[in-house]
Amino acid sequence: MIELLRQRRSIRRYLDRPIEPEKVELLKEAVLRAPSSRNIDPWEFVFVDERVSLERLARCKPHGASFLAQAALGIVVCGDSTASDVWIEDCSIASILVQMTAQSLGLGSCWIQVRNRTHDDQKSAGQYVQDLLGIPEHLKVESIVAMGYPAETREPVPRERLKVTKVRTGTYQS
């Protein structure tokens with residue numbers, strides 16, 4: 001796992017190549033195996049691989065989502081806010097697990113924040129995605145994970161650039 005973490009970088013450029021169905025099935029298994037608080041599993045996922053839909057999803061917010069139009073797959077991560085008070089955390093856990101699974105399968109991925117982002121002056125990014133995909137109102141869109149075969153190579157962050165001052169031992173003041 002540590003090697004996957006060392007190698008994982010956000011990938012925003014993808015080859016024009018579909019992801020094999022057996023790999024998509026593994027990605028589905030990964031999200032469904034994500035842990036959740038009290039095993040409530042408040043998350044739901046929409047796997048989108050149709051080009052026109054990906055292009056439309058890429059317009060969910062003014063900045064930071066356009067690369068989704070070239071991805072082979074977008075995984076829309078939703079949470080039932082009526083089922084759990086920690087749906088955001090549970091959705092975030094599922095999102096990173098599917099990204100790490102993608103990494104292990106030779107795929108690149110990048111998180112797209114949707115919750116608390118705007119689409120335009122009249123609509124939130126979440127509402128835009130809900131309307132586009134027919135997602136029920138009680139489900140809130142947390143994020144979209146874009147993925148595909150990488151068309152770019154990004155070097156791992158060197159160990160000496162890790163922010164070691166962000167970790168303390170015993171107490172904060174240590």
# chains A, B, ... in the order shown; residues from 1 in each chain; ligands from 1
$ residues_around --residues "Pro42 in chain A" --least-positions-apart "3" --cutoff "12 Å" --atoms "only C-alpha atoms" --output "PyMOL selection string"
chain A and resi 31-32+34-39+45+77-94+138-142
$ write_last_selection --atoms "N, CA and C atoms" --output "JSON list (two decimals), in the first residue's frame"
[["chain", "number", "residue", "atom", "x", "y", "z"],
["A", 31, "VAL", "N", -15.50, 0.45, -4.19],
["A", 31, "VAL", "CA", -16.35, 1.45, -3.51],
["A", 31, "VAL", "C", -17.32, 0.77, -2.56],
["A", 32, "LEU", "N", -17.79, -0.40, -2.94],
["A", 32, "LEU", "CA", -18.76, -1.09, -2.08],
["A", 32, "LEU", "C", -18.11, -1.73, -0.85],
["A", 34, "ALA", "N", -15.85, -0.05, 0.88],
["A", 34, "ALA", "CA", -15.39, 1.06, 1.72],
["A", 34, "ALA", "C", -16.06, 1.00, 3.09],
["A", 35, "PRO", "N", -15.29, 1.25, 4.13],
["A", 35, "PRO", "CA", -15.90, 1.29, 5.46],
["A", 35, "PRO", "C", -16.75, 2.54, 5.63],
["A", 36, "SER", "N", -17.72, 2.45, 6.52],
["A", 36, "SER", "CA", -18.53, 3.62, 6.83],
["A", 36, "SER", "C", -18.90, 3.59, 8.31],
["A", 37, "SER", "N", -19.19, 4.74, 8.84],
["A", 37, "SER", "CA", -19.56, 4.85, 10.25],
["A", 37, "SER", "C", -20.79, 3.99, 10.54],
["A", 38, "ARG", "N", -20.67, 3.18, 11.56],
["A", 38, "ARG", "CA", -21.76, 2.30, 12.01],
["A", 38, "ARG", "C", -22.26, 1.38, 10.89],
["A", 39, "ASN", "N", -21.46, 1.20, 9.86],
["A", 39, "ASN", "CA", -21.81, 0.33, 8.73],
["A", 39, "ASN", "C", -23.12, 0.73, 8.07],
["A", 45, "PHE", "N", -23.25, 5.48, -5.83],
["A", 45, "PHE", "CA", -22.30, 5.84, -6.88],
["A", 45, "PHE", "C", -22.96, 5.73, -8.25],
["A", 77, "VAL", "N", -19.92, 10.43, -6.72],
["A", 77, "VAL", "CA", -20.03, 9.93, -5.35],
["A", 77, "VAL", "C", -21.09, 10.75, -4.62],
["A", 78, "CYS", "N", -22.14, 10.06, -4.20],
["A", 78, "CYS", "CA", -23.27, 10.71, -3.52],
["A", 78, "CYS", "C", -23.43, 10.15, -2.12],
["A", 79, "GLY", "N", -24.04, 10.93, -1.26],
["A", 79, "GLY", "CA", -24.31, 10.47, 0.08],
["A", 79, "GLY", "C", -25.72, 10.82, 0.51],
["A", 80, "ASP", "N", -26.31, 9.93, 1.28],
["A", 80, "ASP", "CA", -27.66, 10.15, 1.82],
["A", 80, "ASP", "C", -27.52, 10.89, 3.15],
["A", 81, "SER", "N", -27.76, 12.19, 3.11],
["A", 81, "SER", "CA", -27.61, 13.02, 4.30],
["A", 81, "SER", "C", -28.67, 12.71, 5.35],
["A", 82, "THR", "N", -29.73, 12.02, 4.98],
["A", 82, "THR", "CA", -30.77, 11.65, 5.95],
["A", 82, "THR", "C", -30.43, 10.34, 6.66],
["A", 83, "ALA", "N", -29.47, 9.59, 6.13],
["A", 83, "ALA", "CA", -29.13, 8.30, 6.71],
["A", 83, "ALA", "C", -27.99, 8.38, 7.72],
["A", 84, "SER", "N", -27.12, 9.38, 7.55],
["A", 84, "SER", "CA", -25.94, 9.47, 8.41],
["A", 84, "SER", "C", -25.47, 10.90, 8.52],
["A", 85, "ASP", "N", -25.05, 11.29, 9.71],
["A", 85, "ASP", "CA", -24.53, 12.64, 9.91],
["A", 85, "ASP", "C", -23.08, 12.75, 9.44],
["A", 86, "VAL", "N", -22.45, 11.64, 9.11],
["A", 86, "VAL", "CA", -21.06, 11.65, 8.63],
["A", 86, "VAL", "C", -20.97, 11.12, 7.20],
["A", 87, "TRP", "N", -21.98, 11.38, 6.41],
["A", 87, "TRP", "CA", -22.00, 10.92, 5.01],
["A", 87, "TRP", "C", -20.84, 11.52, 4.22],
["A", 88, "ILE", "N", -20.45, 12.75, 4.55],
["A", 88, "ILE", "CA", -19.34, 13.39, 3.83],
["A", 88, "ILE", "C", -18.05, 12.60, 4.05],
["A", 89, "GLU", "N", -17.78, 12.25, 5.30],
["A", 89, "GLU", "CA", -16.58, 11.49, 5.62],
["A", 89, "GLU", "C", -16.64, 10.11, 4.95],
["A", 90, "ASP", "N", -17.79, 9.45, 5.03],
["A", 90, "ASP", "CA", -17.94, 8.13, 4.43],
["A", 90, "ASP", "C", -17.73, 8.18, 2.92],
["A", 91, "CYS", "N", -18.26, 9.19, 2.27],
["A", 91, "CYS", "CA", -18.07, 9.35, 0.82],
["A", 91, "CYS", "C", -16.61, 9.63, 0.48],
["A", 92, "SER", "N", -15.95, 10.40, 1.34],
["A", 92, "SER", "CA", -14.54, 10.71, 1.11],
["A", 92, "SER", "C", -13.68, 9.46, 1.22],
["A", 93, "ILE", "N", -13.99, 8.61, 2.17],
["A", 93, "ILE", "CA", -13.24, 7.36, 2.32],
["A", 93, "ILE", "C", -13.42, 6.50, 1.07],
["A", 94, "ALA", "N", -14.65, 6.36, 0.60],
["A", 94, "ALA", "CA", -14.91, 5.56, -0.61],
["A", 94, "ALA", "C", -14.17, 6.15, -1.80],
["A", 138, "HIS", "N", -32.74, 13.53, -2.00],
["A", 138, "HIS", "CA", -32.17, 13.19, -0.69],
["A", 138, "HIS", "C", -30.70, 12.78, -0.76],
["A", 139, "LEU", "N", -30.20, 12.54, -1.97],
["A", 139, "LEU", "CA", -28.78, 12.23, -2.14],
["A", 139, "LEU", "C", -28.03, 13.51, -2.49],
["A", 140, "LYS", "N", -26.93, 13.73, -1.81],
["A", 140, "LYS", "CA", -26.11, 14.91, -2.05],
["A", 140, "LYS", "C", -24.84, 14.48, -2.78],
["A", 141, "VAL", "N", -24.45, 15.25, -3.78],
["A", 141, "VAL", "CA", -23.24, 14.91, -4.53],
["A", 141, "VAL", "C", -22.03, 15.47, -3.79],
["A", 142, "GLU", "N", -21.15, 14.58, -3.40],
["A", 142, "GLU", "CA", -19.92, 14.96, -2.72],
["A", 142, "GLU", "C", -18.83, 15.30, -3.73]]
$ residues_around --residues "Leu27 in chain A" --least-positions-apart "5" --cutoff "12 Å" --atoms "only C-alpha atoms" --output "ChimeraX atom specification"
/A:19-22,32-34,45-47,73-75,94-105,107,109,145,147-148
$ write_last_selection --atoms "N, CA and C atoms" --output "mmCIF file, in the first residue's frame"
data_model
loop_
_atom_site.group_PDB
_atom_site.id
_atom_site.type_symbol
_atom_site.label_atom_id
_atom_site.label_comp_id
_atom_site.auth_asym_id
_atom_site.auth_seq_id
_atom_site.Cartn_x
_atom_site.Cartn_y
_atom_site.Cartn_z
ATOM 1 N N ILE A 19 -11.687 1.833 -20.300
ATOM 2 C CA ILE A 19 -11.256 0.965 -19.214
ATOM 3 C C ILE A 19 -11.966 -0.377 -19.404
ATOM 4 N N GLU A 20 -11.223 -1.444 -19.331
ATOM 5 C CA GLU A 20 -11.771 -2.774 -19.530
ATOM 6 C C GLU A 20 -12.878 -3.064 -18.521
ATOM 7 N N PRO A 21 -13.936 -3.767 -18.957
ATOM 8 C CA PRO A 21 -15.066 -4.070 -18.061
ATOM 9 C C PRO A 21 -14.652 -4.762 -16.765
ATOM 10 N N GLU A 22 -13.669 -5.638 -16.814
ATOM 11 C CA GLU A 22 -13.256 -6.338 -15.592
ATOM 12 C C GLU A 22 -12.609 -5.377 -14.598
ATOM 13 N N LEU A 32 -17.794 -0.396 -2.936
ATOM 14 C CA LEU A 32 -18.760 -1.089 -2.076
ATOM 15 C C LEU A 32 -18.109 -1.733 -0.851
ATOM 16 N N ARG A 33 -16.803 -1.862 -0.875
ATOM 17 C CA ARG A 33 -16.077 -2.386 0.288
ATOM 18 C C ARG A 33 -15.582 -1.282 1.215
ATOM 19 N N ALA A 34 -15.847 -0.052 0.882
ATOM 20 C CA ALA A 34 -15.394 1.063 1.717
ATOM 21 C C ALA A 34 -16.059 0.997 3.092
ATOM 22 N N PHE A 45 -23.249 5.482 -5.831
ATOM 23 C CA PHE A 45 -22.303 5.841 -6.878
ATOM 24 C C PHE A 45 -22.961 5.728 -8.250
ATOM 25 N N VAL A 46 -22.620 6.663 -9.114
ATOM 26 C CA VAL A 46 -23.058 6.599 -10.500
ATOM 27 C C VAL A 46 -21.796 6.528 -11.349
ATOM 28 N N PHE A 47 -21.606 5.406 -12.033
ATOM 29 C CA PHE A 47 -20.463 5.216 -12.925
ATOM 30 C C PHE A 47 -20.869 5.706 -14.307
ATOM 31 N N LEU A 73 -13.828 7.424 -17.517
ATOM 32 C CA LEU A 73 -14.848 7.108 -16.524
ATOM 33 C C LEU A 73 -14.932 8.233 -15.505
ATOM 34 N N GLY A 74 -16.138 8.555 -15.118
ATOM 35 C CA GLY A 74 -16.372 9.460 -14.006
ATOM 36 C C GLY A 74 -17.235 8.734 -12.990
ATOM 37 N N ILE A 75 -16.799 8.729 -11.752
ATOM 38 C CA ILE A 75 -17.585 8.101 -10.691
ATOM 39 C C ILE A 75 -18.162 9.214 -9.833
ATOM 40 N N ALA A 94 -14.651 6.359 0.604
ATOM 41 C CA ALA A 94 -14.906 5.564 -0.608
ATOM 42 C C ALA A 94 -14.169 6.152 -1.800
ATOM 43 N N SER A 95 -14.119 7.474 -1.877
ATOM 44 C CA SER A 95 -13.446 8.137 -3.005
ATOM 45 C C SER A 95 -11.960 7.828 -3.041
ATOM 46 N N ILE A 96 -11.295 7.901 -1.905
ATOM 47 C CA ILE A 96 -9.852 7.636 -1.921
ATOM 48 C C ILE A 96 -9.568 6.165 -2.130
ATOM 49 N N LEU A 97 -10.430 5.297 -1.615
ATOM 50 C CA LEU A 97 -10.203 3.873 -1.848
ATOM 51 C C LEU A 97 -10.332 3.520 -3.328
ATOM 52 N N VAL A 98 -11.282 4.123 -4.026
ATOM 53 C CA VAL A 98 -11.404 3.828 -5.454
ATOM 54 C C VAL A 98 -10.232 4.435 -6.218
ATOM 55 N N GLN A 99 -9.707 5.555 -5.752
ATOM 56 C CA GLN A 99 -8.517 6.125 -6.395
ATOM 57 C C GLN A 99 -7.299 5.223 -6.196
ATOM 58 N N MET A 100 -7.144 4.679 -5.015
ATOM 59 C CA MET A 100 -6.016 3.782 -4.768
ATOM 60 C C MET A 100 -6.175 2.483 -5.554
ATOM 61 N N THR A 101 -7.399 2.001 -5.677
ATOM 62 C CA THR A 101 -7.648 0.813 -6.497
ATOM 63 C C THR A 101 -7.304 1.105 -7.947
ATOM 64 N N ALA A 102 -7.716 2.271 -8.441
ATOM 65 C CA ALA A 102 -7.383 2.671 -9.807
ATOM 66 C C ALA A 102 -5.869 2.681 -9.996
ATOM 67 N N GLN A 103 -5.156 3.241 -9.045
ATOM 68 C CA GLN A 103 -3.692 3.278 -9.108
ATOM 69 C C GLN A 103 -3.131 1.865 -9.231
ATOM 70 N N SER A 104 -3.673 0.937 -8.452
ATOM 71 C CA SER A 104 -3.174 -0.442 -8.473
ATOM 72 C C SER A 104 -3.459 -1.133 -9.804
ATOM 73 N N LEU A 105 -4.434 -0.629 -10.558
ATOM 74 C CA LEU A 105 -4.808 -1.208 -11.848
ATOM 75 C C LEU A 105 -4.142 -0.503 -13.030
ATOM 76 N N LEU A 107 -4.343 2.752 -13.640
ATOM 77 C CA LEU A 107 -5.174 3.889 -14.063
ATOM 78 C C LEU A 107 -4.764 5.140 -13.301
ATOM 79 N N SER A 109 -6.190 8.948 -11.787
ATOM 80 C CA SER A 109 -7.457 9.507 -11.309
ATOM 81 C C SER A 109 -7.244 10.886 -10.708
ATOM 82 N N VAL A 145 -14.975 11.374 -9.229
ATOM 83 C CA VAL A 145 -13.609 10.906 -9.421
ATOM 84 C C VAL A 145 -13.446 10.604 -10.907
ATOM 85 N N MET A 147 -11.273 9.217 -14.024
ATOM 86 C CA MET A 147 -10.194 8.253 -14.193
ATOM 87 C C MET A 147 -10.087 7.734 -15.604
ATOM 88 N N GLY A 148 -8.911 7.237 -15.894
ATOM 89 C CA GLY A 148 -8.612 6.663 -17.191
ATOM 90 C C GLY A 148 -7.147 6.304 -17.245
#
$ closest_residue --among "A:Leu162, A:Ala125, A:Ala58, A:Val114" --to "Arg12 in chain A" --atoms "only C-alpha atoms"
A:Ala58
$ residues_around --residues "range 150-157 of chain A" --least-positions-apart "2" --cutoff "8 Å" --atoms "only C-alpha atoms" --output "list in words"
Arg6, Gln7, Arg8, Arg9, Ile11, Arg12, Arg13, Tyr14, Leu15, Leu107, Gly108, Gly148, Arg159, Arg161 and Leu162 of chain A
$ write_last_selection --atoms "N, CA and C atoms" --output "mmCIF file, in the first residue's frame"
data_model
loop_
_atom_site.group_PDB
_atom_site.id
_atom_site.type_symbol
_atom_site.label_atom_id
_atom_site.label_comp_id
_atom_site.auth_asym_id
_atom_site.auth_seq_id
_atom_site.Cartn_x
_atom_site.Cartn_y
_atom_site.Cartn_z
ATOM 1 N N ARG A 6 2.966 6.256 -2.512
ATOM 2 C CA ARG A 6 4.134 7.003 -2.993
ATOM 3 C C ARG A 6 3.994 7.376 -4.461
ATOM 4 N N GLN A 7 3.409 6.501 -5.250
ATOM 5 C CA GLN A 7 3.304 6.717 -6.692
ATOM 6 C C GLN A 7 2.079 7.537 -7.102
ATOM 7 N N ARG A 8 1.029 7.546 -6.282
ATOM 8 C CA ARG A 8 -0.220 8.188 -6.674
ATOM 9 C C ARG A 8 -0.084 9.695 -6.791
ATOM 10 N N ARG A 9 -0.491 10.220 -7.909
ATOM 11 C CA ARG A 9 -0.553 11.664 -8.141
ATOM 12 C C ARG A 9 -1.864 11.933 -8.861
ATOM 13 N N ILE A 11 -4.028 12.838 -11.738
ATOM 14 C CA ILE A 11 -3.843 12.779 -13.185
ATOM 15 C C ILE A 11 -5.047 13.448 -13.838
ATOM 16 N N ARG A 12 -4.760 14.427 -14.692
ATOM 17 C CA ARG A 12 -5.826 15.197 -15.336
ATOM 18 C C ARG A 12 -5.814 15.077 -16.863
ATOM 19 N N ARG A 13 -4.914 14.257 -17.383
ATOM 20 C CA ARG A 13 -4.863 14.027 -18.832
ATOM 21 C C ARG A 13 -4.897 12.524 -19.064
ATOM 22 N N TYR A 14 -5.792 12.117 -19.968
ATOM 23 C CA TYR A 14 -6.041 10.699 -20.171
ATOM 24 C C TYR A 14 -5.927 10.321 -21.638
ATOM 25 N N LEU A 15 -5.507 9.078 -21.863
ATOM 26 C CA LEU A 15 -5.486 8.529 -23.205
ATOM 27 C C LEU A 15 -6.919 8.260 -23.659
ATOM 28 N N LEU A 107 -4.343 2.752 -13.640
ATOM 29 C CA LEU A 107 -5.174 3.889 -14.063
ATOM 30 C C LEU A 107 -4.764 5.140 -13.301
ATOM 31 N N GLY A 108 -5.020 6.292 -13.902
ATOM 32 C CA GLY A 108 -4.835 7.564 -13.221
ATOM 33 C C GLY A 108 -6.189 8.094 -12.802
ATOM 34 N N GLY A 148 -8.911 7.237 -15.894
ATOM 35 C CA GLY A 148 -8.612 6.663 -17.191
ATOM 36 C C GLY A 148 -7.147 6.304 -17.245
ATOM 37 N N ARG A 159 10.389 12.152 -0.620
ATOM 38 C CA ARG A 159 10.208 12.061 0.829
ATOM 39 C C ARG A 159 10.636 13.356 1.527
ATOM 40 N N ARG A 161 10.295 16.281 0.637
ATOM 41 C CA ARG A 161 9.318 17.362 0.464
ATOM 42 C C ARG A 161 8.031 17.130 1.262
ATOM 43 N N LEU A 162 7.934 15.995 1.955
ATOM 44 C CA LEU A 162 6.762 15.753 2.789
ATOM 45 C C LEU A 162 6.750 16.748 3.945
#
$ atom_distance --atom1 "CA of Val48 in chain A" --atom2 "CA of Val76 in chain A"
7.6 Å
$ residues_around --residues "range 59-64 of chain A" --least-positions-apart "3" --cutoff "8 Å" --atoms "only C-alpha atoms" --output "PyMOL selection string"
chain A and resi 55-56+67+112+114+117-120+125-126+128-129
$ select_by_dssp --residues "chain A" --states "alpha helix (DSSP H)" --output "PyMOL selection string"
chain A and resi 2-7+21-32+51-57+87-104+125-133
$ write_last_selection --atoms "N, CA and C atoms" --output "compact mmCIF listing (two decimals), in the first residue's frame"
# COMPACT_ATOMS: atom_id res chain seq x y z
N ILE A 2 1.96 1.23 0.77
CA ILE A 2 2.79 2.44 0.83
C ILE A 2 3.37 2.77 -0.54
N GLU A 3 3.69 1.77 -1.35
CA GLU A 3 4.20 2.04 -2.70
C GLU A 3 3.14 2.69 -3.57
N LEU A 4 1.88 2.26 -3.45
CA LEU A 4 0.79 2.90 -4.19
C LEU A 4 0.65 4.36 -3.77
N LEU A 5 0.74 4.62 -2.46
CA LEU A 5 0.64 6.00 -1.96
C LEU A 5 1.80 6.85 -2.45
N ARG A 6 2.97 6.26 -2.51
CA ARG A 6 4.13 7.00 -2.99
C ARG A 6 3.99 7.38 -4.46
N GLN A 7 3.41 6.50 -5.25
CA GLN A 7 3.30 6.72 -6.69
C GLN A 7 2.08 7.54 -7.10
N PRO A 21 -13.94 -3.77 -18.96
CA PRO A 21 -15.07 -4.07 -18.06
C PRO A 21 -14.65 -4.76 -16.77
N GLU A 22 -13.67 -5.64 -16.81
CA GLU A 22 -13.26 -6.34 -15.59
C GLU A 22 -12.61 -5.38 -14.60
N LYS A 23 -11.94 -4.34 -15.09
CA LYS A 23 -11.37 -3.33 -14.19
C LYS A 23 -12.48 -2.45 -13.61
N VAL A 24 -13.48 -2.13 -14.42
CA VAL A 24 -14.61 -1.35 -13.91
C VAL A 24 -15.32 -2.12 -12.80
N GLU A 25 -15.45 -3.43 -12.97
CA GLU A 25 -16.07 -4.25 -11.93
C GLU A 25 -15.26 -4.23 -10.65
N LEU A 26 -13.94 -4.23 -10.76
CA LEU A 26 -13.09 -4.13 -9.57
C LEU A 26 -13.25 -2.77 -8.89
N LEU A 27 -13.40 -1.73 -9.68
CA LEU A 27 -13.62 -0.39 -9.10
C LEU A 27 -14.95 -0.35 -8.36
N LYS A 28 -15.97 -0.98 -8.92
CA LYS A 28 -17.27 -1.05 -8.24
C LYS A 28 -17.15 -1.81 -6.93
N GLU A 29 -16.43 -2.91 -6.97
CA GLU A 29 -16.23 -3.68 -5.74
C GLU A 29 -15.50 -2.83 -4.69
N ALA A 30 -14.52 -2.08 -5.13
CA ALA A 30 -13.74 -1.24 -4.20
C ALA A 30 -14.63 -0.25 -3.47
N VAL A 31 -15.50 0.45 -4.19
CA VAL A 31 -16.35 1.45 -3.51
C VAL A 31 -17.32 0.77 -2.56
N LEU A 32 -17.79 -0.40 -2.94
CA LEU A 32 -18.76 -1.09 -2.08
C LEU A 32 -18.11 -1.73 -0.85
N ARG A 51 -19.43 9.36 -23.37
CA ARG A 51 -18.67 10.58 -23.67
C ARG A 51 -19.48 11.86 -23.51
N VAL A 52 -20.69 11.90 -24.05
CA VAL A 52 -21.51 13.12 -23.96
C VAL A 52 -21.82 13.46 -22.51
N SER A 53 -22.13 12.45 -21.71
CA SER A 53 -22.41 12.69 -20.29
C SER A 53 -21.17 13.18 -19.55
N LEU A 54 -20.01 12.62 -19.87
CA LEU A 54 -18.76 13.08 -19.25
C LEU A 54 -18.49 14.54 -19.61
N GLU A 55 -18.73 14.89 -20.87
CA GLU A 55 -18.54 16.29 -21.29
C GLU A 55 -19.48 17.22 -20.55
N ARG A 56 -20.71 16.79 -20.34
CA ARG A 56 -21.68 17.62 -19.59
C ARG A 56 -21.29 17.71 -18.12
N LEU A 57 -20.87 16.59 -17.53
CA LEU A 57 -20.43 16.61 -16.13
C LEU A 57 -19.22 17.52 -15.95
N TRP A 87 -21.98 11.38 6.41
CA TRP A 87 -22.00 10.92 5.01
C TRP A 87 -20.84 11.52 4.22
N ILE A 88 -20.45 12.75 4.55
CA ILE A 88 -19.34 13.39 3.83
C ILE A 88 -18.05 12.60 4.05
N GLU A 89 -17.78 12.25 5.30
CA GLU A 89 -16.58 11.49 5.62
C GLU A 89 -16.64 10.11 4.95
N ASP A 90 -17.79 9.45 5.03
CA ASP A 90 -17.94 8.13 4.43
C ASP A 90 -17.73 8.18 2.92
N CYS A 91 -18.26 9.19 2.27
CA CYS A 91 -18.07 9.35 0.82
C CYS A 91 -16.61 9.63 0.48
N SER A 92 -15.95 10.40 1.34
CA SER A 92 -14.54 10.71 1.11
C SER A 92 -13.68 9.46 1.22
N ILE A 93 -13.99 8.61 2.17
CA ILE A 93 -13.24 7.36 2.32
C ILE A 93 -13.42 6.50 1.07
N ALA A 94 -14.65 6.36 0.60
CA ALA A 94 -14.91 5.56 -0.61
C ALA A 94 -14.17 6.15 -1.80
N SER A 95 -14.12 7.47 -1.88
CA SER A 95 -13.45 8.14 -3.00
C SER A 95 -11.96 7.83 -3.04
N ILE A 96 -11.29 7.90 -1.90
CA ILE A 96 -9.85 7.64 -1.92
C ILE A 96 -9.57 6.16 -2.13
N LEU A 97 -10.43 5.30 -1.62
CA LEU A 97 -10.20 3.87 -1.85
C LEU A 97 -10.33 3.52 -3.33
N VAL A 98 -11.28 4.12 -4.03
CA VAL A 98 -11.40 3.83 -5.45
C VAL A 98 -10.23 4.44 -6.22
N GLN A 99 -9.71 5.55 -5.75
CA GLN A 99 -8.52 6.12 -6.40
C GLN A 99 -7.30 5.22 -6.20
N MET A 100 -7.14 4.68 -5.02
CA MET A 100 -6.02 3.78 -4.77
C MET A 100 -6.18 2.48 -5.55
N THR A 101 -7.40 2.00 -5.68
CA THR A 101 -7.65 0.81 -6.50
C THR A 101 -7.30 1.10 -7.95
N ALA A 102 -7.72 2.27 -8.44
CA ALA A 102 -7.38 2.67 -9.81
C ALA A 102 -5.87 2.68 -10.00
N GLN A 103 -5.16 3.24 -9.05
CA GLN A 103 -3.69 3.28 -9.11
C GLN A 103 -3.13 1.87 -9.23
N SER A 104 -3.67 0.94 -8.45
CA SER A 104 -3.17 -0.44 -8.47
C SER A 104 -3.46 -1.13 -9.80
N ALA A 125 -23.18 23.29 -8.06
CA ALA A 125 -22.61 22.21 -8.86
C ALA A 125 -23.32 20.89 -8.56
N GLY A 126 -23.63 20.67 -7.28
CA GLY A 126 -24.34 19.45 -6.90
C GLY A 126 -25.71 19.33 -7.54
N GLN A 127 -26.44 20.43 -7.55
CA GLN A 127 -27.78 20.42 -8.17
C GLN A 127 -27.67 20.19 -9.68
N TYR A 128 -26.67 20.78 -10.30
CA TYR A 128 -26.44 20.56 -11.73
C TYR A 128 -26.25 19.07 -12.02
N VAL A 129 -25.39 18.42 -11.22
CA VAL A 129 -25.12 17.00 -11.42
C VAL A 129 -26.37 16.18 -11.13
N GLN A 130 -27.09 16.52 -10.07
CA GLN A 130 -28.33 15.81 -9.75
C GLN A 130 -29.32 15.89 -10.91
N ASP A 131 -29.51 17.08 -11.44
CA ASP A 131 -30.44 17.27 -12.56
C ASP A 131 -29.98 16.50 -13.79
N LEU A 132 -28.70 16.55 -14.08
CA LEU A 132 -28.15 15.91 -15.27
C LEU A 132 -28.33 14.39 -15.22
N LEU A 133 -28.11 13.80 -14.05
CA LEU A 133 -28.12 12.34 -13.93
C LEU A 133 -29.38 11.78 -13.29
$ closest_residue --among "A:Ile135, A:Val164, A:Ala69, A:Cys110" --to "Asp16 in chain A" --atoms "only C-alpha atoms"
A:Ala69
$ select_by_dssp --residues "range 3-86 of chain A" --states "strand (DSSP E or B)" --output "PyMOL selection string"
chain A and resi 10+14+43-48+73-80
$ write_last_selection --atoms "C-alpha atoms" --output "compact mmCIF listing (two decimals), in the first residue's frame"
# COMPACT_ATOMS: atom_id res chain seq x y z
CA SER A 10 -3.58 13.51 -9.47
CA TYR A 14 -6.04 10.70 -20.17
CA TRP A 43 -23.00 6.39 -0.17
CA GLU A 44 -24.27 5.67 -3.65
CA PHE A 45 -22.30 5.84 -6.88
CA VAL A 46 -23.06 6.60 -10.50
CA PHE A 47 -20.46 5.22 -12.93
CA VAL A 48 -20.49 7.32 -16.11
CA LEU A 73 -14.85 7.11 -16.52
CA GLY A 74 -16.37 9.46 -14.01
CA ILE A 75 -17.58 8.10 -10.69
CA VAL A 76 -20.16 10.40 -9.11
CA VAL A 77 -20.03 9.93 -5.35
CA CYS A 78 -23.27 10.71 -3.52
CA GLY A 79 -24.31 10.47 0.08
CA ASP A 80 -27.66 10.15 1.82
$ atom_distance --atom1 "CA of Pro18 in chain A" --atom2 "CA of Met1 in chain A"
25.5 Å
$ atom_distance --atom1 "CA of Leu68 in chain A" --atom2 "CA of Ala146 in chain A"
5.6 Å
$ closest_residue --among "A:Asp41, A:Ala71, A:Glu50, A:Ser66" --to "Arg17 in chain A" --atoms "only C-alpha atoms"
A:Ala71
$ decode --residues "range 12-34 of chain A" --atoms "C-alpha atoms" --output "compact mmCIF listing (two decimals), in the first residue's frame"
# COMPACT_ATOMS: atom_id res chain seq x y z
CA ARG A 12 -5.83 15.20 -15.34
CA ARG A 13 -4.86 14.03 -18.83
CA TYR A 14 -6.04 10.70 -20.17
CA LEU A 15 -5.49 8.53 -23.21
CA ASP A 16 -8.46 7.97 -25.51
CA ARG A 17 -8.80 4.39 -24.30
CA PRO A 18 -11.72 2.73 -22.52
CA ILE A 19 -11.26 0.97 -19.21
CA GLU A 20 -11.77 -2.77 -19.53
CA PRO A 21 -15.07 -4.07 -18.06
CA GLU A 22 -13.26 -6.34 -15.59
CA LYS A 23 -11.37 -3.33 -14.19
CA VAL A 24 -14.61 -1.35 -13.91
CA GLU A 25 -16.07 -4.25 -11.93
CA LEU A 26 -13.09 -4.13 -9.57
CA LEU A 27 -13.62 -0.39 -9.10
CA LYS A 28 -17.27 -1.05 -8.24
CA GLU A 29 -16.23 -3.68 -5.74
CA ALA A 30 -13.74 -1.24 -4.20
CA VAL A 31 -16.35 1.45 -3.51
CA LEU A 32 -18.76 -1.09 -2.08
CA ARG A 33 -16.08 -2.39 0.29
CA ALA A 34 -15.39 1.06 1.72
